[in-house]
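Scroll down for the structure; my scribbles are underneath it.
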Amino acid sequence: MQNNFDAFIAELGSRVLVNVPLAPRTTFRIGGPADLLAEASAVSELVEWVHLARRFDVPVFILGNGSNLLVRDGGIRGFVIENHCDQYFLQVTEHGRAKLHVESGAALPNIANRMARQGWSGLEWAIGVPGTMGGAIVGNAGAHGSCIADNVLTVSILDEENVTRELPKTELAFEYRTSRFKQTKSEIILSADFELVRGDPQTCITRMNEFTEKRRGTQPTEASVGSMFKNPPNDFAGRMIEQAGLKGTRIGNVEVSQVHANFFVNRGGATANDVMQLIDLVRARVREKFNVELELEIEIVGS
């Protein structure tokens, strides 16, 4: 394995960074280093590097904006590719409708904002969701009663056999905050197509602004990972955590937010171990009070 690793590093040369801290590359500002890291700015580059890593039997992890992600304190073994593939184009398909093609590293709020200002509606809800398009598809990200699955037409992937394939929505297994990609880690999302509908630009912008104001008033501004737990059926994780008396509960430097109890915030220098302990505590208290097992919405990676 070490020989493969050394040969892989030699093949990548100056394009790869060694022992790179990942905490600054996540919204939670927590996590150990990546053995190797490179930034891909084009889909062709992303595909090339995945091919190469697989040829040398080096584990690959695709990093987007680092939101909805907790990296353990030991970091990530193998090769992390930071996805900056962010090209997009819009094709009007018929009167009042268009197909939006977006690469997987594009920032979801940026795309939502640009489309709304051009008068194309469907993604306004995503203005405050701090992730990339690829990450949003993996977790079927959503807010304000809408989600990614509402508008997806197809997703292009690199499969485990290094074949580029286009999957229709019917094969994506979208459910609440999940998709086939949470189970099938060997499939790499390259891009996606969405259907948008024609709207009035000012109406779209007003809707975005309303969502932004609502988010600003109900969510913390400190470093966080977003919603920690999925909402149980017919209830809200934040309500249950708050009713269990856990707002403001702190372990080390991570705290249950005083603003929204389903957010944990990093008070500065928090570790993944702190977070894991607080997750266990919150789950235990909610289980004791409500007989409900909270399910994580975030992804935990690394060693």
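By order of appearance in the structure tokens: chains A, B, ..., then residues from 1 within every chain, and ligands from 1 in the order shown.
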
**Message:** For the structure I just gave you, how does DSSP split region 19-181 of chain A - specifically, which residues are strand (DSSP E or B)? Reply as number ranges by chain.
**Reply:** A: 19-21, 33-40, 60-63, 69-71, 76-83, 88-94, 97-103, 107, 120-121, 132, 142-143, 146-147, 152-158, 164-168, 175, 178

**Message:** I'd like the contact shell of Gly96 (chain A) - 12 Å cut-off, only C-alpha atoms, skipping same-chain residues fewer than 2 positions apart - returned as a count of residues only.
**Reply:** 15

**Request:** From a DSSP pass on the backbone, collect the residues of region 92-255 of chain A flagged as helix (DSSP H, G or I) and hand them back as a PyMOL selection string.
**Result:** chain A and resi 108-117+124-128+133-138+148-150+169-171+180-183+201-218+237-243

For region 283-288 of chain A, find every residue with an atom within 9 Å (counting only C-alpha atoms), except residues of its own chain fewer than 5 positions away, and show them as a JSON list (two decimals) with N, CA and C atoms, in the first residue's frame.
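Writing done, so here's around11.json:
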```
[["chain", "number", "residue", "atom", "x", "y", "z"],
["A", 240, "MET", "N", -37.67, 19.19, 20.26],
["A", 240, "MET", "CA", -37.48, 18.12, 21.23],
["A", 240, "MET", "C", -36.22, 18.37, 22.07],
["A", 241, "ILE", "N", -35.16, 18.82, 21.40],
["A", 241, "ILE", "CA", -33.91, 19.10, 22.13],
["A", 241, "ILE", "C", -34.13, 20.25, 23.12],
["A", 243, "GLN", "N", -37.04, 21.17, 24.46],
["A", 243, "GLN", "CA", -37.92, 20.70, 25.54],
["A", 243, "GLN", "C", -37.19, 19.79, 26.52],
["A", 244, "ALA", "N", -36.13, 19.16, 26.07],
["A", 244, "ALA", "CA", -35.32, 18.32, 26.97],
["A", 244, "ALA", "C", -34.35, 19.16, 27.80],
["A", 245, "GLY", "N", -34.44, 20.48, 27.65],
["A", 245, "GLY", "CA", -33.65, 21.39, 28.48],
["A", 245, "GLY", "C", -32.18, 21.48, 28.08],
["A", 246, "LEU", "N", -31.90, 21.29, 26.78],
["A", 246, "LEU", "CA", -30.51, 21.16, 26.36],
["A", 246, "LEU", "C", -29.93, 22.39, 25.68],
["A", 278, "LEU", "N", -21.32, 15.31, 22.63],
["A", 278, "LEU", "CA", -22.55, 16.09, 22.75],
["A", 278, "LEU", "C", -23.69, 15.43, 21.97],
["A", 293, "GLU", "N", -35.54, 8.12, 18.86],
["A", 293, "GLU", "CA", -34.11, 8.02, 18.54],
["A", 293, "GLU", "C", -33.80, 9.03, 17.43],
["A", 294, "LEU", "N", -33.09, 10.09, 17.76],
["A", 294, "LEU", "CA", -32.74, 11.08, 16.76],
["A", 294, "LEU", "C", -31.72, 10.51, 15.77],
["A", 295, "GLU", "N", -31.96, 10.77, 14.51],
["A", 295, "GLU", "CA", -31.08, 10.29, 13.44],
["A", 295, "GLU", "C", -30.26, 11.45, 12.91]]
```

**Message:** Can you tell me which residues surround region 139-153 of chain A at a distance of at most 9 Å, considering only C-alpha atoms, apart from same-chain residues fewer than 6 positions away, and format the answer as a PyMOL selection string?
**Reply:** chain A and resi 68+99+122-123+125-126+128-129+131+133+167-170+172+174-179+181-182+192-196+211+297-298

Could you write out the selected residues, including C-alpha atoms, as a short mmCIF file (atom, residue, chain, number, x, y, z; two decimals), in the first residue's frame?
```cif
data_model
loop_
_atom_site.label_atom_id
_atom_site.label_comp_id
_atom_site.auth_asym_id
_atom_site.auth_seq_id
_atom_site.Cartn_x
_atom_site.Cartn_y
_atom_site.Cartn_z
CA ASN A 68 -23.16 19.24 6.75
CA LYS A 99 -33.16 23.23 -18.18
CA GLY A 122 -37.45 26.85 -8.44
CA LEU A 123 -34.34 27.26 -6.30
CA TRP A 125 -35.41 28.33 -1.11
CA ALA A 126 -31.70 27.40 -1.42
CA GLY A 128 -29.18 30.18 2.57
CA VAL A 129 -28.08 26.57 2.17
CA GLY A 131 -23.27 23.75 0.27
CA MET A 133 -24.73 21.26 -5.73
CA LEU A 167 -29.12 8.76 -14.08
CA PRO A 168 -32.77 9.83 -14.30
CA LYS A 169 -34.49 11.11 -11.19
CA THR A 170 -36.34 7.78 -10.82
CA LEU A 172 -31.78 8.54 -7.43
CA PHE A 174 -34.50 10.57 -3.05
CA GLU A 175 -36.08 10.59 0.39
CA TYR A 176 -36.02 13.03 3.29
CA ARG A 177 -32.38 14.23 3.52
CA THR A 178 -30.98 11.25 1.69
CA SER A 179 -30.42 9.72 -1.75
CA PHE A 181 -25.40 8.55 -3.02
CA LYS A 182 -25.40 8.34 0.77
CA ALA A 192 -26.94 17.66 -12.70
CA ASP A 193 -29.81 19.02 -14.75
CA PHE A 194 -32.74 20.85 -13.16
CA GLU A 195 -36.05 22.12 -14.49
CA LEU A 196 -36.88 25.75 -13.70
CA PHE A 211 -36.13 33.28 3.16
CA GLU A 297 -28.54 14.55 9.26
CA ILE A 298 -24.82 15.29 8.99
#
```

**Test item: residues at most 12 Å from region 43-46 of chain A, only C-alpha atoms, excluding those fewer than 4 positions along its chain, as an MDAnalysis selection string** = chainID A and resid 12 15 38:39 50:53 60:63 80:88 102:106 156:158 162 164 188:191

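If only C-alpha atoms are the atoms counted, then among A:Ile9, A:Val18, A:Arg117, A:Pro24 the closest residue to Trp49 (chain A) is A:Ile9.
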
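Within the 7 Å cut-off around Gln219 (chain A), using only C-alpha atoms and omitting residues fewer than 3 positions from it on the same chain, the listed residues are Arg215, Arg216, Val259 and His260 of chain A.
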
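In terms of minimum interatomic distance to Lys230 (chain A), A:Leu296 ranks closest within A:Leu296, A:Lys185, A:Asp274, A:Lys247, counting only C-alpha atoms.
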
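Here CA of Asn253 (chain A) is placed at a distance of 16.7 Å from CA of Gly226 (chain A).
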
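Across the structure, CA of Glu210 (chain A) and CA of Gly238 (chain A) are spaced 21.5 Å apart.
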
**Complete:** Ser224 (chain A) proximity check over A:Ile137, A:Leu70, A:Ala42, A:Leu90, using only C-alpha atoms: winner is A:Leu70

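Across the model, the gap from CA of Thr221 (chain A) to CA of Asn113 (chain A) is 20.2 Å.
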